[in-house]
Amino acid sequence: DGYTILRNNYFGTPSSAPQNMANTVDILTVGSAKVDVGLPNRANVLGYSLRASVELTSTANEQTIRGNYFGLFPSGGSWLAMASNGVGVWHRSPSSALVTIGGKLPGEGNVICNYPAVDKAGVMLEQGASRVWGNRIGVTPSNQAMNCYHGVLIKNAGVLSVVGSEDPLAENAGANVIGNSKLYGIFVSGAGAQQNRFRGNSIFNNGNGAIVLAG
């Protein structure tokens, strides 16, 4: 099917212990590259990065980022604050290049923490349609607060994305936990950011608001 599979890797840190050894970008897709990054129990650990931990600019359909740890080891513990976005989606067709960040099955959600730099986010969607499902953003599995500046930021031509459960009868399968952001849990900015859906998420303890829509 042409996918590149990335699992059980450590980026921006040695595997022995958390240590900030920055990459500009940990994972970058361009052209028509297709990736499947992570899997429950086969997580990648994404450490310090200068621009983004994962930056998706490829026009390929069905790219998946699931079950990974951004900004901390699976065993816990905190690192220095990241200077980048966690997952960033740029330069994509709104209708034909769908990205899935997380998933609906147990363990498919990513843990995304420690991205507090100004105007950055745990998940940043700038163009195209994405599904953001089942992630813990700013909140560790043990409910420790490790904040991002924004939890989810959608701007410019970020359209037709789903943040949370698509099916109201599925007992919130795909719902995200988004907490402890410095500014907003979910921030939608720009006239081109339209037709996005937010459903079933747990959004709390965010500094300036849970969901903020700014044209």
# chains A, B, ... in the order shown; residues from 1 in each chain; ligands from 1
call {"tool": "residues_around", "arguments": {"residues": "Pro14 (chain A)", "least_positions_apart": "4", "cutoff": "12 Å", "atoms": "only C-alpha atoms", "output": "PyMOL selection string"}}
result
chain A and resi 9-10+18-22+45-48+73
call {"tool": "select_by_dssp", "arguments": {"residues": "region 64-186 of chain A", "states": "strand (DSSP E)", "output": "compact mmCIF listing (two decimals) with all heavy atoms, in the first residue's frame"}}
result
# COMPACT_ATOMS: atom_id res chain seq x y z
N THR A 64 -1.50 8.46 9.26
CA THR A 64 -1.97 8.14 10.61
C THR A 64 -0.86 8.34 11.62
O THR A 64 0.26 7.85 11.43
CB THR A 64 -2.46 6.68 10.68
OG1 THR A 64 -3.48 6.48 9.69
CG2 THR A 64 -3.03 6.37 12.04
N ILE A 65 -1.18 9.06 12.70
CA ILE A 65 -0.27 9.30 13.81
C ILE A 65 -0.99 8.78 15.06
O ILE A 65 -1.93 9.41 15.53
CB ILE A 65 0.06 10.80 13.97
CG1 ILE A 65 0.41 11.45 12.63
CG2 ILE A 65 1.16 11.00 15.00
CD1 ILE A 65 1.65 10.95 11.97
N TYR A 69 4.02 9.13 22.14
CA TYR A 69 4.22 10.01 23.29
C TYR A 69 5.03 11.23 22.81
O TYR A 69 6.16 11.09 22.35
CB TYR A 69 4.98 9.29 24.40
CG TYR A 69 4.11 8.32 25.16
CD1 TYR A 69 3.82 7.07 24.64
CD2 TYR A 69 3.57 8.66 26.40
CE1 TYR A 69 3.02 6.17 25.32
CE2 TYR A 69 2.77 7.77 27.09
CZ TYR A 69 2.49 6.53 26.54
OH TYR A 69 1.70 5.66 27.22
N PHE A 70 4.43 12.39 22.94
CA PHE A 70 5.05 13.65 22.56
C PHE A 70 5.41 14.43 23.83
O PHE A 70 4.53 14.79 24.60
CB PHE A 70 4.09 14.51 21.73
CG PHE A 70 3.77 13.97 20.36
CD1 PHE A 70 2.90 12.91 20.20
CD2 PHE A 70 4.33 14.56 19.23
CE1 PHE A 70 2.58 12.43 18.94
CE2 PHE A 70 4.02 14.09 17.97
CZ PHE A 70 3.15 13.02 17.82
N ASN A 85 5.37 23.15 17.60
CA ASN A 85 4.10 22.44 17.64
C ASN A 85 4.35 20.95 17.86
O ASN A 85 5.42 20.43 17.53
CB ASN A 85 3.34 22.62 16.32
CG ASN A 85 2.92 24.05 16.08
OD1 ASN A 85 2.12 24.60 16.82
ND2 ASN A 85 3.45 24.66 15.03
N GLY A 86 3.32 20.26 18.39
CA GLY A 86 3.40 18.81 18.49
C GLY A 86 3.22 18.18 17.11
O GLY A 86 4.17 17.74 16.47
N VAL A 87 1.98 18.15 16.64
CA VAL A 87 1.67 17.68 15.28
C VAL A 87 1.17 18.88 14.49
O VAL A 87 0.22 19.56 14.89
CB VAL A 87 0.58 16.59 15.28
CG1 VAL A 87 0.33 16.10 13.86
CG2 VAL A 87 0.99 15.43 16.18
N GLY A 88 1.80 19.16 13.34
CA GLY A 88 1.39 20.26 12.48
C GLY A 88 1.01 19.74 11.10
O GLY A 88 1.69 18.89 10.54
N VAL A 89 -0.13 20.22 10.58
CA VAL A 89 -0.61 19.81 9.25
C VAL A 89 -0.67 21.05 8.37
O VAL A 89 -1.41 21.99 8.67
CB VAL A 89 -1.99 19.14 9.34
CG1 VAL A 89 -2.46 18.69 7.96
CG2 VAL A 89 -1.95 17.94 10.29
N VAL A 99 -5.89 13.21 7.28
CA VAL A 99 -4.94 12.81 8.31
C VAL A 99 -5.72 12.35 9.53
O VAL A 99 -6.72 12.97 9.90
CB VAL A 99 -4.03 14.00 8.69
CG1 VAL A 99 -3.24 13.70 9.96
CG2 VAL A 99 -3.10 14.34 7.55
N THR A 100 -5.26 11.26 10.17
CA THR A 100 -5.83 10.84 11.44
C THR A 100 -4.78 10.97 12.52
O THR A 100 -3.71 10.35 12.43
CB THR A 100 -6.33 9.38 11.37
OG1 THR A 100 -7.31 9.26 10.34
CG2 THR A 100 -6.96 8.97 12.70
N ILE A 101 -5.07 11.76 13.53
CA ILE A 101 -4.18 11.97 14.67
C ILE A 101 -4.86 11.31 15.86
O ILE A 101 -5.85 11.82 16.39
CB ILE A 101 -3.94 13.47 14.91
CG1 ILE A 101 -3.32 14.11 13.66
CG2 ILE A 101 -3.03 13.68 16.12
CD1 ILE A 101 -3.34 15.62 13.68
N GLY A 102 -4.37 10.14 16.25
CA GLY A 102 -5.00 9.35 17.30
C GLY A 102 -5.83 8.22 16.71
O GLY A 102 -5.52 7.68 15.65
N VAL A 111 -0.38 10.87 23.42
CA VAL A 111 -0.21 11.74 24.58
C VAL A 111 0.69 12.88 24.14
O VAL A 111 1.84 12.67 23.73
CB VAL A 111 0.42 10.99 25.77
CG1 VAL A 111 0.59 11.93 26.96
CG2 VAL A 111 -0.45 9.79 26.15
N ILE A 112 0.17 14.11 24.19
CA ILE A 112 0.86 15.28 23.63
C ILE A 112 0.96 16.33 24.73
O ILE A 112 -0.05 16.94 25.12
CB ILE A 112 0.11 15.82 22.40
CG1 ILE A 112 -0.08 14.72 21.35
CG2 ILE A 112 0.85 17.00 21.80
CD1 ILE A 112 -0.94 15.13 20.17
N ALA A 121 0.99 24.84 19.48
CA ALA A 121 -0.11 24.00 19.95
C ALA A 121 0.31 22.54 19.99
O ALA A 121 1.23 22.12 19.28
CB ALA A 121 -1.32 24.16 19.04
N GLY A 122 -0.42 21.77 20.80
CA GLY A 122 -0.22 20.34 20.76
C GLY A 122 -0.54 19.78 19.38
O GLY A 122 0.20 18.97 18.83
N VAL A 123 -1.66 20.24 18.79
CA VAL A 123 -2.06 19.87 17.43
C VAL A 123 -2.39 21.16 16.69
O VAL A 123 -3.24 21.94 17.14
CB VAL A 123 -3.27 18.92 17.41
CG1 VAL A 123 -3.74 18.66 15.98
CG2 VAL A 123 -2.92 17.61 18.11
N MET A 124 -1.75 21.40 15.55
CA MET A 124 -2.00 22.58 14.74
C MET A 124 -2.43 22.16 13.34
O MET A 124 -1.72 21.45 12.65
CB MET A 124 -0.74 23.46 14.65
CG MET A 124 -1.02 24.88 14.14
SD MET A 124 -1.19 24.99 12.35
CE MET A 124 0.49 24.70 11.82
N LEU A 125 -3.63 22.57 12.94
CA LEU A 125 -4.19 22.23 11.63
C LEU A 125 -4.31 23.51 10.82
O LEU A 125 -5.15 24.35 11.11
CB LEU A 125 -5.57 21.57 11.79
CG LEU A 125 -5.66 20.42 12.80
CD1 LEU A 125 -7.10 19.94 12.91
CD2 LEU A 125 -4.73 19.28 12.42
N GLU A 126 -3.47 23.66 9.80
CA GLU A 126 -3.47 24.89 9.02
C GLU A 126 -4.14 24.71 7.67
O GLU A 126 -4.63 25.67 7.08
CB GLU A 126 -2.05 25.41 8.82
CG GLU A 126 -2.01 26.77 8.15
CD GLU A 126 -0.65 27.43 8.20
OE1 GLU A 126 0.18 27.04 9.04
OE2 GLU A 126 -0.42 28.36 7.41
N GLN A 127 -4.16 23.51 7.14
CA GLN A 127 -4.82 23.30 5.85
C GLN A 127 -5.23 21.84 5.73
O GLN A 127 -4.48 20.94 6.07
CB GLN A 127 -3.90 23.68 4.68
CG GLN A 127 -4.61 23.61 3.33
CD GLN A 127 -3.79 24.25 2.23
OE1 GLN A 127 -2.73 24.79 2.46
NE2 GLN A 127 -4.31 24.19 1.02
N SER A 130 -8.67 16.88 8.83
CA SER A 130 -8.01 15.97 9.76
C SER A 130 -9.03 15.42 10.74
O SER A 130 -10.06 16.03 11.00
CB SER A 130 -6.89 16.69 10.53
OG SER A 130 -5.91 17.20 9.67
N ARG A 131 -8.72 14.25 11.28
CA ARG A 131 -9.50 13.64 12.35
C ARG A 131 -8.61 13.58 13.58
O ARG A 131 -7.55 12.94 13.55
CB ARG A 131 -9.97 12.25 11.94
CG ARG A 131 -10.83 12.25 10.70
CD ARG A 131 -11.20 10.86 10.23
NE ARG A 131 -10.05 10.10 9.76
CZ ARG A 131 -10.15 9.02 8.97
NH1 ARG A 131 -11.33 8.60 8.57
NH2 ARG A 131 -9.06 8.38 8.60
N VAL A 132 -9.02 14.22 14.64
CA VAL A 132 -8.26 14.26 15.88
C VAL A 132 -9.06 13.48 16.91
O VAL A 132 -10.07 13.96 17.43
CB VAL A 132 -8.00 15.71 16.33
CG1 VAL A 132 -7.16 15.74 17.60
CG2 VAL A 132 -7.31 16.51 15.22
N TRP A 133 -8.63 12.25 17.19
CA TRP A 133 -9.43 11.31 17.96
C TRP A 133 -8.65 10.73 19.14
O TRP A 133 -7.51 10.27 18.98
CB TRP A 133 -9.85 10.13 17.08
CG TRP A 133 -10.88 10.41 16.04
CD1 TRP A 133 -11.77 11.45 15.99
CD2 TRP A 133 -11.14 9.62 14.87
NE1 TRP A 133 -12.57 11.35 14.88
CE2 TRP A 133 -12.21 10.24 14.16
CE3 TRP A 133 -10.59 8.44 14.36
CZ2 TRP A 133 -12.72 9.72 12.98
CZ3 TRP A 133 -11.10 7.92 13.18
CH2 TRP A 133 -12.16 8.56 12.49
N ARG A 136 -4.75 12.65 24.43
CA ARG A 136 -4.62 13.38 25.70
C ARG A 136 -3.64 14.52 25.44
O ARG A 136 -2.45 14.29 25.20
CB ARG A 136 -4.12 12.47 26.82
CG ARG A 136 -5.05 11.29 27.10
CD ARG A 136 -4.54 10.45 28.26
NE ARG A 136 -4.66 11.14 29.51
CZ ARG A 136 -5.75 11.15 30.29
NH1 ARG A 136 -6.85 10.51 29.90
NH2 ARG A 136 -5.76 11.81 31.43
N ILE A 137 -4.14 15.74 25.47
CA ILE A 137 -3.36 16.92 25.11
C ILE A 137 -3.25 17.81 26.34
O ILE A 137 -4.25 18.33 26.84
CB ILE A 137 -4.01 17.66 23.94
CG1 ILE A 137 -4.16 16.73 22.72
CG2 ILE A 137 -3.20 18.90 23.56
CD1 ILE A 137 -4.94 17.32 21.56
N HIS A 150 -1.75 26.37 23.14
CA HIS A 150 -3.10 25.95 22.76
C HIS A 150 -3.13 24.42 22.74
O HIS A 150 -2.13 23.79 22.38
CB HIS A 150 -3.48 26.44 21.36
CG HIS A 150 -3.43 27.91 21.16
ND1 HIS A 150 -4.20 28.80 21.87
CD2 HIS A 150 -2.71 28.68 20.30
CE1 HIS A 150 -3.96 30.04 21.48
NE2 HIS A 150 -3.05 30.00 20.52
N GLY A 151 -4.27 23.84 23.07
CA GLY A 151 -4.40 22.40 22.90
C GLY A 151 -4.46 22.05 21.43
O GLY A 151 -3.59 21.37 20.88
N VAL A 152 -5.51 22.54 20.75
CA VAL A 152 -5.69 22.35 19.30
C VAL A 152 -5.87 23.73 18.69
O VAL A 152 -6.72 24.52 19.14
CB VAL A 152 -6.91 21.47 18.99
CG1 VAL A 152 -7.13 21.35 17.48
CG2 VAL A 152 -6.74 20.09 19.62
N LEU A 153 -5.09 24.03 17.66
CA LEU A 153 -5.17 25.29 16.94
C LEU A 153 -5.54 25.00 15.48
O LEU A 153 -4.84 24.24 14.80
CB LEU A 153 -3.83 26.02 16.99
CG LEU A 153 -3.65 27.27 16.11
CD1 LEU A 153 -4.66 28.35 16.49
CD2 LEU A 153 -2.23 27.79 16.22
N ILE A 154 -6.65 25.57 15.02
CA ILE A 154 -7.08 25.43 13.62
C ILE A 154 -7.09 26.84 13.02
O ILE A 154 -7.75 27.73 13.54
CB ILE A 154 -8.47 24.80 13.51
CG1 ILE A 154 -8.49 23.42 14.20
CG2 ILE A 154 -8.88 24.65 12.05
CD1 ILE A 154 -9.85 22.77 14.22
N LYS A 155 -6.37 27.02 11.90
CA LYS A 155 -6.29 28.37 11.35
C LYS A 155 -6.18 28.32 9.84
O LYS A 155 -6.02 27.26 9.23
CB LYS A 155 -5.10 29.12 11.95
CG LYS A 155 -3.74 28.53 11.64
CD LYS A 155 -2.65 29.38 12.30
CE LYS A 155 -1.26 28.91 11.94
NZ LYS A 155 -0.21 29.77 12.51
N ASN A 156 -6.30 29.51 9.24
CA ASN A 156 -6.17 29.69 7.79
C ASN A 156 -7.14 28.80 7.04
O ASN A 156 -8.34 29.00 7.12
CB ASN A 156 -4.73 29.49 7.35
CG ASN A 156 -3.78 30.50 7.99
OD1 ASN A 156 -4.21 31.58 8.38
ND2 ASN A 156 -2.52 30.15 8.11
N ALA A 157 -6.66 27.79 6.33
CA ALA A 157 -7.54 26.92 5.53
C ALA A 157 -7.74 25.56 6.19
O ALA A 157 -7.88 24.54 5.51
CB ALA A 157 -6.98 26.76 4.12
N VAL A 162 -12.56 16.96 12.15
CA VAL A 162 -13.35 16.46 13.28
C VAL A 162 -12.42 16.33 14.48
O VAL A 162 -11.42 15.62 14.43
CB VAL A 162 -13.99 15.10 12.96
CG1 VAL A 162 -14.74 14.57 14.18
CG2 VAL A 162 -14.92 15.21 11.77
N VAL A 163 -12.74 17.03 15.55
CA VAL A 163 -12.01 16.93 16.81
C VAL A 163 -12.95 16.29 17.81
O VAL A 163 -13.89 16.92 18.30
CB VAL A 163 -11.51 18.30 17.29
CG1 VAL A 163 -10.77 18.16 18.62
CG2 VAL A 163 -10.62 18.95 16.24
N GLY A 164 -12.73 15.01 18.08
CA GLY A 164 -13.61 14.28 18.98
C GLY A 164 -14.42 13.22 18.25
O GLY A 164 -14.10 12.82 17.12
N VAL A 177 -9.14 14.33 25.47
CA VAL A 177 -8.99 15.05 26.74
C VAL A 177 -8.02 16.20 26.47
O VAL A 177 -6.87 15.97 26.07
CB VAL A 177 -8.45 14.13 27.85
CG1 VAL A 177 -8.24 14.93 29.13
CG2 VAL A 177 -9.39 12.97 28.09
N ILE A 178 -8.49 17.43 26.65
CA ILE A 178 -7.70 18.62 26.33
C ILE A 178 -7.70 19.52 27.56
O ILE A 178 -8.74 20.10 27.91
CB ILE A 178 -8.27 19.37 25.12
CG1 ILE A 178 -8.38 18.43 23.90
CG2 ILE A 178 -7.42 20.58 24.78
CD1 ILE A 178 -9.14 19.01 22.73
N GLY A 179 -6.57 19.63 28.24
CA GLY A 179 -6.56 20.39 29.48
C GLY A 179 -5.28 21.18 29.69
O GLY A 179 -4.25 20.93 29.06
N TYR A 184 -5.96 28.64 25.05
CA TYR A 184 -7.24 28.04 24.70
C TYR A 184 -7.11 26.52 24.54
O TYR A 184 -6.11 26.03 24.03
CB TYR A 184 -7.77 28.62 23.39
CG TYR A 184 -7.85 30.12 23.36
CD1 TYR A 184 -7.20 30.85 22.38
CD2 TYR A 184 -8.58 30.81 24.32
CE1 TYR A 184 -7.27 32.24 22.34
CE2 TYR A 184 -8.67 32.20 24.30
CZ TYR A 184 -8.00 32.91 23.31
OH TYR A 184 -8.08 34.29 23.29
N GLY A 185 -8.18 25.84 24.94
CA GLY A 185 -8.23 24.40 24.68
C GLY A 185 -8.28 24.13 23.19
O GLY A 185 -7.47 23.38 22.64
N ILE A 186 -9.26 24.75 22.50
CA ILE A 186 -9.37 24.70 21.04
C ILE A 186 -9.53 26.13 20.56
O ILE A 186 -10.42 26.86 21.03
CB ILE A 186 -10.56 23.85 20.58
CG1 ILE A 186 -10.40 22.40 21.04
CG2 ILE A 186 -10.73 23.91 19.07
CD1 ILE A 186 -11.62 21.53 20.77
call {"tool": "closest_residue", "arguments": {"among": "A:Trp90, A:Phe198, A:Phe11, A:Tyr115", "to": "Val139 (chain A)", "atoms": "only C-alpha atoms"}}
result
A:Tyr115
call {"tool": "closest_residue", "arguments": {"among": "A:Thr13, A:Asn68, A:Asn205, A:Asn196", "to": "Asn180 (chain A)", "atoms": "only C-alpha atoms"}}
result
A:Asn205
call {"tool": "closest_residue", "arguments": {"among": "A:Met146, A:Leu98, A:Val159, A:Val212", "to": "Leu183 (chain A)", "atoms": "only C-alpha atoms"}}
result
A:Val212
call {"tool": "atom_distance", "arguments": {"atom1": "CA of Ser202 (chain A)", "atom2": "CA of Asn176 (chain A)"}}
result
6.2 Å
call {"tool": "residues_around", "arguments": {"residues": "Leu39 (chain A)", "least_positions_apart": "2", "cutoff": "6 Å", "atoms": "only C-alpha atoms", "output": "list in words"}}
result
Arg42, Ala43, Arg66 and Gly67 of chain A
call {"tool": "write_last_selection", "arguments": {"atoms": "C-alpha atoms", "output": "compact mmCIF listing (two decimals), in the first residue's frame"}}
result
# COMPACT_ATOMS: atom_id res chain seq x y z
CA ARG A 42 4.79 0.25 19.66
CA ALA A 43 4.89 3.95 20.38
CA ARG A 66 -1.36 7.05 16.71
CA GLY A 67 -0.30 5.74 20.09
call {"tool": "closest_residue", "arguments": {"among": "A:Thr29, A:Ser16, A:Ser161, A:Ser189", "to": "Ala129 (chain A)", "atoms": "only C-alpha atoms"}}
result
A:Ser161
call {"tool": "residues_around", "arguments": {"residues": "Asp36 (chain A)", "least_positions_apart": "5", "cutoff": "9 Å", "atoms": "only C-alpha atoms", "output": "PyMOL selection string"}}
result
chain A and resi 3-7+62-66
call {"tool": "closest_residue", "arguments": {"among": "A:Asn8, A:Ser165, A:Thr59, A:Gln195", "to": "Pro74 (chain A)", "atoms": "only C-alpha atoms"}}
result
A:Asn8
call {"tool": "atom_distance", "arguments": {"atom1": "CA of Gly192 (chain A)", "atom2": "CA of Glu108 (chain A)"}}
result
29.7 Å
call {"tool": "closest_residue", "arguments": {"among": "A:Tyr149, A:Phe187, A:Ser181, A:Val54", "to": "Gly207 (chain A)", "atoms": "only C-alpha atoms"}}
result
A:Ser181
